[in-house]
Structures are given as C-alpha cells and as structure tokens.
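What follows is a set of notes on a single structure, which appears directly below.
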Amino acid sequence: MTPLLEMKNLRKDFGGLRAVDNVSLQVPEGAIIGLIGPNGSGKSTLINLIAGSTDLSSGQVLFASQDISDLPADEVFKLGIARGYQEPALYFKMTVLDNLLLPVKDQRGERPWYAPWRRSWQHEEAAHAEAAVQVLEQVQLLHHYDTLASDLSGGQMKLLEIARCLMGKPQLLLLDEPTAGVAPKLAYEIFQQIARLRDDFGITLLIVEHRLEILFDFADYVYVMHLGKLLAQGAVDEIANDAIVREVYFGD
Amino acid sequence: MGDNLPPALLTTSLVNTIQIGSLYALMALGITLTFSVMKLPNFAHAEYATAGAYAALIVSLSGVLNPLVIMIAAFVVGALSALISHLAVFKPLERRDVSFYTLILASFAVGLIIRYILFTMADYFNLFDLRIAIPLRVLFREGTLILSNLFAWVVPTSLVLVFILTLLLNRSPLGREMRALANNVNLARVIGIPVERVKNYTWLLVGGLAGVAGALWGLQTAVHPLMGWGAIISVFAAAILGGLSSFSGTILGAYVVAFSENTVILFLNVNYGVDLAYKPAIPFIIIIVVLLFRPQGLTKLIRRAGDLGR
C-alpha cells in the first residue's frame with residue numbers, strides 16, 4: 001500500500017547550513033508517526049517543508065501520490081494537510097469561536113455584496129458555528145467558545161490550534177511539539193485527544209515531540225533525526241532501546 | 001467657545017464641521033482600512049474620491065438626477081479605480097517584496113496618474129468647477145444659517161455608510177477575515193483564508209466609499225480634478241488621529257480635524273486676528289503633534305469595539 005505521505009530525499013540549505021540532509025520518510029494512512037531528535041536537528045524545518053511554508057532545496061514530497069513539493073502553504077492546506085505550531089499561532093484578539101470560523105471555505109458572508117445583508121448569510125454562519133461547536137466539544141473547549149484566545153492557558157491554546165485544524169477536515173495533521181510548555185497532566189490529555197482523532201476520524205498524524213515518555217505511549221512508529229540526517233527509525237520499543245539513539249538523545 | 005464669536009458664525013461653522021467631518025470620516029476610514037489590511041498608506045486614495053465625483057457629475061449632466069443613481073455610479077467608479085490600482089500596481093509590487101517606502105512612492109505615482117487622466121478628460125470636455133446638478137431646495141432657514149437638501153443628503157449618507165462599514169468589519173464574515181489579514185497575514189494564508197480575494201474586496205469597499213464621499217463633496221461645492229488631492233492631508237490627519245488602526249478613533253479624528261478647520265480657526269480669527277488663510281496648515285499641525293506626542297492616536301483614549309486590532 002502506498003503511504004499517505006511520502007518524502008523522498010528532502011534537502012534544505014539555509015545559506016551554508018544544511019538543515020535537512022537527504023531525509024526520506026513515510027507516513028502510512030491512519031498512523032501516528034513520531035519525529036524526534038535533539039534541538040536543531042531539523043524536525044521543525046521538515047514540517048515546514050511538508051506544509052509548504054519553506055521551499056525545498058531538492059527532493060520530493062508526495063501526498064496521496066500527488067507531488068506537493070512546490071505548492072504554497074494555502075494549497076497544501078486545501079489538499080487536506082493541516083498543521084500546528086510550536087508556539088501556538090492564533091488570532092489572539094479574537095474569540096475562540098471566531099478563530100474556528102476563519103478557515104471555513106467559501107463563506108457567503110465573505111462576499112461584499114452579501115456581507116451587509118445579515119439575513120443572506122446568517123443561516124450558513126449558524127451551520128458553521130454548529131460544526132465549530134462539535135469540534136470544540138471534541139477538544140473539550142466548548143465552555144470557552146466566547147473567550148478571547150489570548151485569555152486561554154498554554155495547553156488550551158494548543159487544543160484550539162488543533163481544533164482549528166479539524167475545521168478544515170484534514171486527512172493529515174502535522175503537529176510541532178503539541179505539549180511544549182504544557183503541564184504534564186494536560187500534556188497526557190492532549191495526546192489522548194490526538195489518539196482519539198485517529199481512532200474516531202481516521203486522521204493521520206505526524207508529531208514532533210520532546211516528551212518521549214508520552215509520545216512512546218501513543219506513537220506507532222518513530223523517526224529519529226540528528227544534525228539534519230535521519231539517524232534511526234523503527235517501532236517504539238526498538239527506538240526506546242536503540243543504543244545510538246540513547247547516546248545522541250540522552251547522552252548516555 | 002469665546003464670547004466674541006458671533007452665534008450665527010458659530011452655528012454655521014459647526015454645521016460645516018459636521019458636514020465636512022462626515023466626508024473626512026468616509027475617506028479616512030478607507031485609509032485606515034487599507035493601512036491595516038494591506039499595510040499601505042495610500043496617497044492615491046483621494047483620487048478615488050475625485051473619480052467618483054466625476055462619475056457623479058457626468059451621470060448628472062447626462063440628465064439623470066436621482067441622487068441614488070448618482071451615488072451608485074460614484075461608488076462603482078471609485079471601487080473600480082481602487083481595484084485597478086491594486087491589480088495593476090500594488091499587487092505586482094507586493095509580489096516583488098518591495099519596501100514600505102517604495103509602496104508609498106508608488107501610491108503617489110498612482111494618484112498622479114489618476115489625477116491627470118481626470119485633468120485631461122475635464123479639459124477635453126470642459127468639466128471644470130461644475131456642480132453636480134441636483135436641484136437645490138432650502139429646508140431650513142434661521143438668520144444666516146441655511147440648511148439645504150444637500151445637507152440632508154451629505155450627513156445622513158455618510159453617517160449611514162460609516163455605520164454599515166463598522167458593522168461589516170465587526171460582525172460579518174468578511175470583516176472577520178479583514179481583521180485576520182490586518183493581524184497576521186501569513187497565518188491567514190496558512191489556515192486557508194482566501195487572502196487575495198479578501199484584499200480585492202477590501203479595495204472595492206474602500207474605493208467605493210471614497211467615490212461616494214467625492215460625489216457628496218461635489219454636491220456641496222464643485223467638481224474639480226484637484227478636489228481630492230486638496231483634502232488628502234486633512235483626511236490623513238484624521239486617520240493618524242485614529243492611530244491608523246482604530247475605526248472609532250478615525251471617525252472621531254475626522255470630526256476633530258473638521259472642527260479645527262472650521263470652528264477653531266474662526267475662533268482664533270475673531271479673538272486673536274489669526275488669518276483664515278492659515279486653515280490649510282491645521283491638518284499638518286495635527287499630524288506633527290500627534291506623531292510627536294501620541295503616535296498611537298486616540299485609540300487608548302476611547303477603546304471601543306471598532307478597533308481593527310482590538
């Protein structure tokens with residue numbers, strides 16, 4: 001079976017620095033794939049390359065057998081790849097609900113000849129809000145729907161970001177350290193909800209994560225990067241016990 | 001105001017303040033919106049108003065005297081000139097990632113081009129200093145104060161349009177997307193907001209409102225290729241008073257500028273013999289003082305829901 005996402009010999013140079021060096025990896029449909037490595041190993045760059053936020057120096061990215069290597073971020077998003085950021089990227093001065101309604105495609109009320117006539121779009125808006133409410137229920141933020149995003153806790157911001165990704169009904173979700181700066185208990189809950197996204201909605205996940213003890217509980221397969229190169233890959237228990245990985249990662 | 005200012009003069013100047021202030025507001029909101037959403041201080045903005053005024057004039061000269069039709073023509077022509085200047089000049093420049101200063105200069109150039117196209121046209125058809133020919137009727141007369149049906153058109157039309165625009169920005173999906181672009185355009189792109197489309201819509205709105213402002217202006221004075229350009233500094237002063245980001249601040253700013261240009265100068269003239277010829281200096285003084293002492297504008301003073309970046 002062809003994987004949902006396939007990267008072939010990706011390379012990215014920033015001036016003289018080779019941030020990603022000949023990396024190939026595969027994400028099968030319905031899997032939770034972990035991507036780990038020390039700081040500066042090129043994980044976030046790799047996410048940016050897939051999402052179209054950074055241009056490739058060379059190599060190829062295939063999504064559902066389609067070449068998306070040169071597509072800009074918005075096109076990639078439309079194809080069904082959503083992403084979260086290490087620092088949650090939200091509209092902090094808008095409410096939680098507004099943050100979720102922004103990415104809805106082809107809204108009637110975004111056209112200036114409809115926008116002043118509330119009656120022409122309020123029906124549709126209510127349906128979108130209903131969808132947003134369901135997503136908020138999934139990530140357990142429903143009672144915060146009218147809160148300004150800036151008033152949420154760090155963990156809730158991460159959840160809101162995931163919720164916004166879900167509004168686009170993505171097939172693949174790229175998450176960059178979904179638990180960074182989040183209290184340990186909430187971190188585990190975030191991963192439980194991520195797992196539920198896969199189990200209930202069949203969403204495939206590629207997750208960059210530093211909290212290995214949690215990641216290893218949920219991931220199916222793990223890639224390890226070091227200095228821009230792929231150092232190792234394998235099922236969780238292989239990676240957890242791999243001597244080289246332990247040396248690079250933990251300095252054992 | 002001072003005891004020396006005759007009440008009749010005071011009332012007339014206050015009526016002018018309301019009338020001119022409403023027109024400034026209509027134009028200044030456009031400048032605030034282009035600056036927030038497009039990050040462009042657009043000095044060509046005034047010419048959309050002039051283009052709208054000429055559209056209104058031509059429609060009225062062709063014999064159509066229904067003010068509504070005249071306003072719609074002005075809106076359409078203003079909107080199209082704004083959209084065309086975006087598609088032909090600003091958008092290609094943005095693609096090349098030019099600096100902020102290049103964009104400002106480009107906006108001056110666009111303004112010049114539109115202005116002199118209008119000049120050429122006005123020259124060819126002899127359309128200088130004509131008034132949009134809606135018949136004048138006196139609605140109210142009290143001493144020297146005369147309120148005509150033009151006042152009844154200018155003020156409510158501007159106020160209603162300002163109100164609709166504010167609602168649009170704060171309550172509609174289009175406004176939500178415009179606020180998102182104003183806040184973080186890269187994120188807007190990543191989460192799939194149709195950024196280019198929203199920009200086009202914004203230009204249409206902004207240019208259309210300027211066009212209507214120009215037509216209303218031409219109703220009360222006369223249409224001339226330089227009329228927009230003559231107002232641009234006052235309009236920028238109003239937008240700068242709003243911190244170039246706040247709707248409520250911009251509206252308040254528009255009336256402050258109009259008040260200074262009409263009532264304050266009169267007060268200074270009567271009490272201290274300041275020559276009325278200094279009137280054009282007022283918006284410059286306001287701009288300099290605001291930028292020196294309160295570059296954030298009036299925003300923090302009022303803190304209302306109209307702010308783009310609330």
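Letters A, B, ... mark the chains of the structure tokens in the order given; residue numbers begin at 1 per chain; ligand numbers begin at 1, in order shown.
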Please identify every residue of chain B that has at least one atom no farther than 12 Å from an atom of chain A, counting only C-alpha atoms, and for each give the shortest atom pair and the distance in Å to one decimal, arranged by chain then increasing number, as CSV.
residue,atom,partner,partner_atom,distance
B:Ala79,CA,A:Pro112,CA,11.8
B:Leu161,CA,A:Pro116,CA,10.7
B:Phe163,CA,A:Pro116,CA,10.9
B:Ile164,CA,A:Pro116,CA,7.1
B:Leu165,CA,A:Pro116,CA,8.4
B:Thr166,CA,A:Pro116,CA,10.4
B:Leu167,CA,A:Pro116,CA,8.1
B:Leu168,CA,A:Pro116,CA,6.1
B:Leu169,CA,A:Ala115,CA,9.5
B:Asn170,CA,A:Met94,CA,10.6
B:Arg171,CA,A:Arg118,CA,8.9
B:Ser172,CA,A:Ala115,CA,6.0
B:Pro173,CA,A:Glu110,CA,5.0
B:Leu174,CA,A:Glu110,CA,3.8
B:Gly175,CA,A:Glu110,CA,7.6
B:Arg176,CA,A:Leu102,CA,7.1
B:Glu177,CA,A:Leu102,CA,6.5
B:Met178,CA,A:Glu110,CA,9.3
B:Arg179,CA,A:Met94,CA,9.0
B:Ala180,CA,A:Tyr91,CA,7.0
B:Leu181,CA,A:Tyr91,CA,10.0
B:Ala182,CA,A:Tyr91,CA,10.5
B:Asn183,CA,A:Tyr91,CA,7.3
B:Asn184,CA,A:Tyr91,CA,7.8
B:Val185,CA,A:Tyr91,CA,10.6
B:Asn186,CA,A:Ala73,CA,9.4
B:Leu187,CA,A:Ala89,CA,7.1
B:Ala188,CA,A:Pro103,CA,8.2
B:Arg189,CA,A:Asp74,CA,5.5
B:Val190,CA,A:Asp74,CA,5.1
B:Ile191,CA,A:Pro103,CA,5.5
B:Gly192,CA,A:Asp74,CA,5.2
B:Ile193,CA,A:Pro103,CA,5.7
B:Pro194,CA,A:Lys105,CA,8.2
B:Val195,CA,A:Asp74,CA,9.5
B:Glu196,CA,A:Asp74,CA,11.4
B:Arg197,CA,A:Arg111,CA,9.0
B:Val198,CA,A:Glu110,CA,7.7
B:Lys199,CA,A:Glu110,CA,11.2
B:Asn200,CA,A:Pro112,CA,10.0
B:Tyr201,CA,A:Pro112,CA,6.3
B:Thr202,CA,A:Pro112,CA,8.4
B:Trp203,CA,A:Pro112,CA,10.6
B:Leu204,CA,A:Pro112,CA,8.5
B:Leu205,CA,A:Pro112,CA,7.6
B:Val206,CA,A:Pro112,CA,11.2
B:Gly208,CA,A:Pro112,CA,11.4
B:Ala305,CA,A:Lys93,CA,11.6
B:Asp307,CA,A:Lys93,CA,10.5
B:Leu308,CA,A:Lys93,CA,9.6
B:Gly309,CA,A:Lys93,CA,7.1
B:Arg310,CA,A:Lys93,CA,6.1
Selection file, C-alpha atoms, as a short mmCIF file (atom, residue, chain, number, x, y, z; two decimals), in the first residue's frame:
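To be explicit, this is the file written out as selection-v2.cif:
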data_model
loop_
_atom_site.label_atom_id
_atom_site.label_comp_id
_atom_site.auth_asym_id
_atom_site.auth_seq_id
_atom_site.Cartn_x
_atom_site.Cartn_y
_atom_site.Cartn_z
CA ALA B 79 -14.40 50.97 -6.42
CA LEU B 161 -22.19 54.34 5.35
CA PHE B 163 -22.15 52.79 10.46
CA ILE B 164 -22.58 49.99 7.90
CA LEU B 165 -18.83 49.76 7.38
CA THR B 166 -18.24 49.48 11.13
CA LEU B 167 -20.86 46.75 11.43
CA LEU B 168 -19.41 44.97 8.41
CA LEU B 169 -15.97 44.96 9.95
CA ASN B 170 -17.03 43.77 13.38
CA ARG B 171 -19.98 41.49 12.68
CA SER B 172 -19.66 39.89 9.25
CA PRO B 173 -17.54 37.02 7.95
CA LEU B 174 -15.88 39.46 5.52
CA GLY B 175 -14.97 41.75 8.40
CA ARG B 176 -13.62 38.79 10.40
CA GLU B 177 -11.32 37.92 7.53
CA MET B 178 -10.25 41.53 7.07
CA ARG B 179 -9.37 41.73 10.76
CA ALA B 180 -7.42 38.50 10.42
CA LEU B 181 -5.41 39.90 7.50
CA ALA B 182 -4.77 43.08 9.48
CA ASN B 183 -3.49 40.99 12.37
CA ASN B 184 -1.34 38.33 10.73
CA VAL B 185 -1.44 37.82 7.01
CA ASN B 186 0.90 34.82 6.96
CA LEU B 187 -1.28 32.89 9.38
CA ALA B 188 -4.30 33.88 7.29
CA ARG B 189 -2.67 32.22 4.29
CA VAL B 190 -1.73 29.06 6.18
CA ILE B 191 -5.22 28.47 7.55
CA GLY B 192 -6.75 28.86 4.10
CA ILE B 193 -8.31 32.34 4.18
CA PRO B 194 -8.56 33.47 0.54
CA VAL B 195 -6.14 36.33 1.14
CA GLU B 196 -6.05 37.75 -2.38
CA ARG B 197 -9.81 37.69 -2.66
CA VAL B 198 -10.31 39.43 0.67
CA LYS B 199 -7.81 42.09 -0.43
CA ASN B 200 -9.74 42.66 -3.67
CA TYR B 201 -12.98 43.01 -1.72
CA THR B 202 -11.34 45.46 0.65
CA TRP B 203 -10.16 47.60 -2.26
CA LEU B 204 -13.65 47.59 -3.77
CA LEU B 205 -15.20 48.74 -0.49
CA VAL B 206 -12.59 51.35 0.24
CA GLY B 208 -16.42 52.75 -3.43
CA ALA B 305 -15.21 47.88 19.78
CA ASP B 307 -10.66 48.75 16.56
CA LEU B 308 -9.25 46.58 13.84
CA GLY B 309 -6.63 45.27 16.16
CA ARG B 310 -8.77 45.12 19.24
#
### Task
Find the residues around Tyr221 (chain A) up to 6 Å (only C-alpha atoms counted), leave out those fewer than 6 positions away in its own chain, and share them as a list in words.
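The contact residues come out as Ile33, Gly234, Ala235 and Val236 of chain A.
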#### Entry: Point-to-point distance in Å for CA of Val208 (chain A) and CA of His226 (chain A)
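For CA of His226 (chain A) relative to CA of Val208 (chain A), the distance reads 13.2 Å.
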### Task
Would you list, as number ranges by chain, the residues of region 110-198 of chain B that end up in alpha helix (DSSP H) under DSSP run on this structure's backbone?
B: 110-125, 149-171, 173-183, 185-190, 195-198
### Message
Quick check, in Å to one decimal: how far apart do CA of Gln66 (chain A) and CA of Lys229 (chain A) lie?
### Response
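For CA of Gln66 (chain A) relative to CA of Lys229 (chain A), the distance reads 24.5 Å.
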Polymer residues at most 8 Å from Met7 (chain A), only C-alpha atoms, same-chain spacing of 5 or more positions, as a PDB file with N, CA and C atoms, in the first residue's frame:
ATOM      1  N   VAL A  23      16.660  13.404   3.621  1.00  0.00           N
ATOM      2  CA  VAL A  23      15.747  12.676   4.506  1.00  0.00           C
ATOM      3  C   VAL A  23      14.605  12.063   3.699  1.00  0.00           C
ATOM      4  N   SER A  24      14.365  10.792   3.890  1.00  0.00           N
ATOM      5  CA  SER A  24      13.213  10.133   3.287  1.00  0.00           C
ATOM      6  C   SER A  24      12.407   9.488   4.399  1.00  0.00           C
ATOM      7  N   LEU A  25      11.135   9.771   4.432  1.00  0.00           N
ATOM      8  CA  LEU A  25      10.315   9.028   5.394  1.00  0.00           C
ATOM      9  C   LEU A  25       8.887   8.862   4.894  1.00  0.00           C
ATOM     10  N   GLN A  26       8.197   7.941   5.505  1.00  0.00           N
ATOM     11  CA  GLN A  26       6.863   7.587   5.036  1.00  0.00           C
ATOM     12  C   GLN A  26       5.856   7.627   6.175  1.00  0.00           C
ATOM     13  N   GLY A  59      14.519  17.364  -3.668  1.00  0.00           N
ATOM     14  CA  GLY A  59      13.724  16.270  -3.120  1.00  0.00           C
ATOM     15  C   GLY A  59      12.266  16.403  -3.515  1.00  0.00           C
ATOM     16  N   GLN A  60      11.470  15.496  -2.985  1.00  0.00           N
ATOM     17  CA  GLN A  60      10.080  15.425  -3.421  1.00  0.00           C
ATOM     18  C   GLN A  60       9.173  15.073  -2.246  1.00  0.00           C
ATOM     19  N   VAL A  61       8.013  15.721  -2.176  1.00  0.00           N
ATOM     20  CA  VAL A  61       7.005  15.356  -1.184  1.00  0.00           C
ATOM     21  C   VAL A  61       5.758  14.880  -1.928  1.00  0.00           C
ATOM     22  N   LEU A  62       5.315  13.665  -1.612  1.00  0.00           N
ATOM     23  CA  LEU A  62       4.104  13.136  -2.242  1.00  0.00           C
ATOM     24  C   LEU A  62       3.018  13.004  -1.188  1.00  0.00           C
TER      25      LEU A  62
END
### Task
Find the spatial neighbours of Leu159 (chain A), counting only C-alpha atoms, within a cut-off of 9 Å - ignore same-chain residues fewer than 6 positions away - and output them as a PyMOL selection string.
chain A and resi 136+139-141+178+190
### Task
Name all residues at most 12 Å from Leu65 (chain B) (count only C-alpha atoms; drop same-chain ones fewer than 3 positions away) and give them as a list in words.
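Everything that qualifies: Ala56, Leu57, Ile58, Val59, Ser60, Leu61, Ser62, Leu68, Val69, Ile70, Met71, Ala73, Ile132, Ala133, Ile134, Pro135, Leu136 and Leu219 of chain B.
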### Task
Just list the residues in region 22-89 of chain A DSSP gives strand (DSSP E or B) on the backbone, as number ranges by chain.
A: 22-27, 32-36, 58-63, 66-67, 81-84
### Residues near Gly42 (chain A), cut-off 6 Å, only C-alpha atoms, skip fewer than 2 positions along chain, as a PyMOL selection string
chain A and resi 19-20+40+44-45+228
Save the residues we just selected, N, CA and C atoms, as a PDB file, in the first residue's frame?
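And here is the file that came out, again34.pdb:
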ATOM      1  N   ALA A  19      20.147  22.177   6.718  1.00  0.00           N
ATOM      2  CA  ALA A  19      19.252  21.927   7.857  1.00  0.00           C
ATOM      3  C   ALA A  19      18.596  20.558   7.749  1.00  0.00           C
ATOM      4  N   VAL A  20      18.299  20.151   6.526  1.00  0.00           N
ATOM      5  CA  VAL A  20      17.724  18.827   6.297  1.00  0.00           C
ATOM      6  C   VAL A  20      18.551  18.178   5.193  1.00  0.00           C
ATOM      7  N   GLY A  40      17.521  21.571  17.064  1.00  0.00           N
ATOM      8  CA  GLY A  40      18.349  21.926  15.917  1.00  0.00           C
ATOM      9  C   GLY A  40      18.625  20.773  14.990  1.00  0.00           C
ATOM     10  N   SER A  44      11.601  20.712  12.856  1.00  0.00           N
ATOM     11  CA  SER A  44      10.634  21.755  12.519  1.00  0.00           C
ATOM     12  C   SER A  44      10.775  22.176  11.062  1.00  0.00           C
ATOM     13  N   THR A  45      12.018  22.233  10.586  1.00  0.00           N
ATOM     14  CA  THR A  45      12.232  22.562   9.174  1.00  0.00           C
ATOM     15  C   THR A  45      11.526  21.549   8.293  1.00  0.00           C
ATOM     16  N   GLY A 228      20.214  17.129  10.986  1.00  0.00           N
ATOM     17  CA  GLY A 228      19.631  17.191   9.650  1.00  0.00           C
ATOM     18  C   GLY A 228      19.490  15.852   8.960  1.00  0.00           C
TER      19      GLY A 228
END
### Task
Find the residues around Asp55 (chain A) up to 10 Å (only C-alpha atoms counted), leave out those fewer than 2 positions away in its own chain, and share them as a list in words.
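Counting only C-alpha atoms, the residues come to Arg11, Lys12, Asp13, Asn48, Leu49, Ile50, Ala51, Gly52, Ser53, Ser57, Ser58, Ser69, Asp70, Leu71 and Pro72 of chain A.
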Go ahead and write the selection's residues with N, CA and C atoms as a short mmCIF file (atom, residue, chain, number, x, y, z; two decimals), in the first residue's frame.
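Below is the file that was written, selection.cif:
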data_model
loop_
_atom_site.label_atom_id
_atom_site.label_comp_id
_atom_site.auth_asym_id
_atom_site.auth_seq_id
_atom_site.Cartn_x
_atom_site.Cartn_y
_atom_site.Cartn_z
N ARG A 11 16.01 17.83 0.97
CA ARG A 11 17.21 18.57 1.33
C ARG A 11 16.84 20.03 1.44
N LYS A 12 17.33 20.67 2.48
CA LYS A 12 17.10 22.12 2.63
C LYS A 12 18.37 22.79 3.12
N ASP A 13 18.85 23.75 2.34
CA ASP A 13 20.02 24.53 2.73
C ASP A 13 19.59 25.94 3.10
N ASN A 48 7.96 22.34 8.13
CA ASN A 48 7.77 23.50 7.25
C ASN A 48 7.85 23.12 5.79
N LEU A 49 8.77 22.19 5.47
CA LEU A 49 8.92 21.76 4.07
C LEU A 49 7.65 21.07 3.58
N ILE A 50 7.10 20.21 4.43
CA ILE A 50 5.89 19.48 4.02
C ILE A 50 4.72 20.46 3.86
N ALA A 51 4.59 21.39 4.84
CA ALA A 51 3.43 22.28 4.86
C ALA A 51 3.51 23.37 3.80
N GLY A 52 4.67 23.48 3.13
CA GLY A 52 4.79 24.50 2.09
C GLY A 52 5.17 25.86 2.64
N SER A 53 5.53 25.94 3.93
CA SER A 53 5.93 27.22 4.49
C SER A 53 7.37 27.56 4.12
N SER A 57 15.08 22.66 -1.10
CA SER A 57 16.26 22.83 -1.96
C SER A 57 16.28 21.72 -3.00
N SER A 58 16.00 20.50 -2.56
CA SER A 58 15.78 19.43 -3.52
C SER A 58 15.00 18.31 -2.86
N SER A 69 5.50 19.08 -3.72
CA SER A 69 6.79 19.68 -3.35
C SER A 69 6.80 21.21 -3.51
N ASP A 70 6.18 21.72 -4.58
CA ASP A 70 6.31 23.14 -4.87
C ASP A 70 5.05 23.94 -4.53
N LEU A 71 4.09 23.31 -3.86
CA LEU A 71 2.85 24.03 -3.57
C LEU A 71 3.04 24.98 -2.40
N PRO A 72 2.42 26.19 -2.46
CA PRO A 72 2.45 27.10 -1.32
C PRO A 72 1.55 26.59 -0.19
#
### Task
Kindly indicate which residue among B:Phe108, B:Tyr255, B:Trp217, B:Tyr54 lies nearest to Trp153 (chain B), using only C-alpha atoms for the distances.
B:Trp217
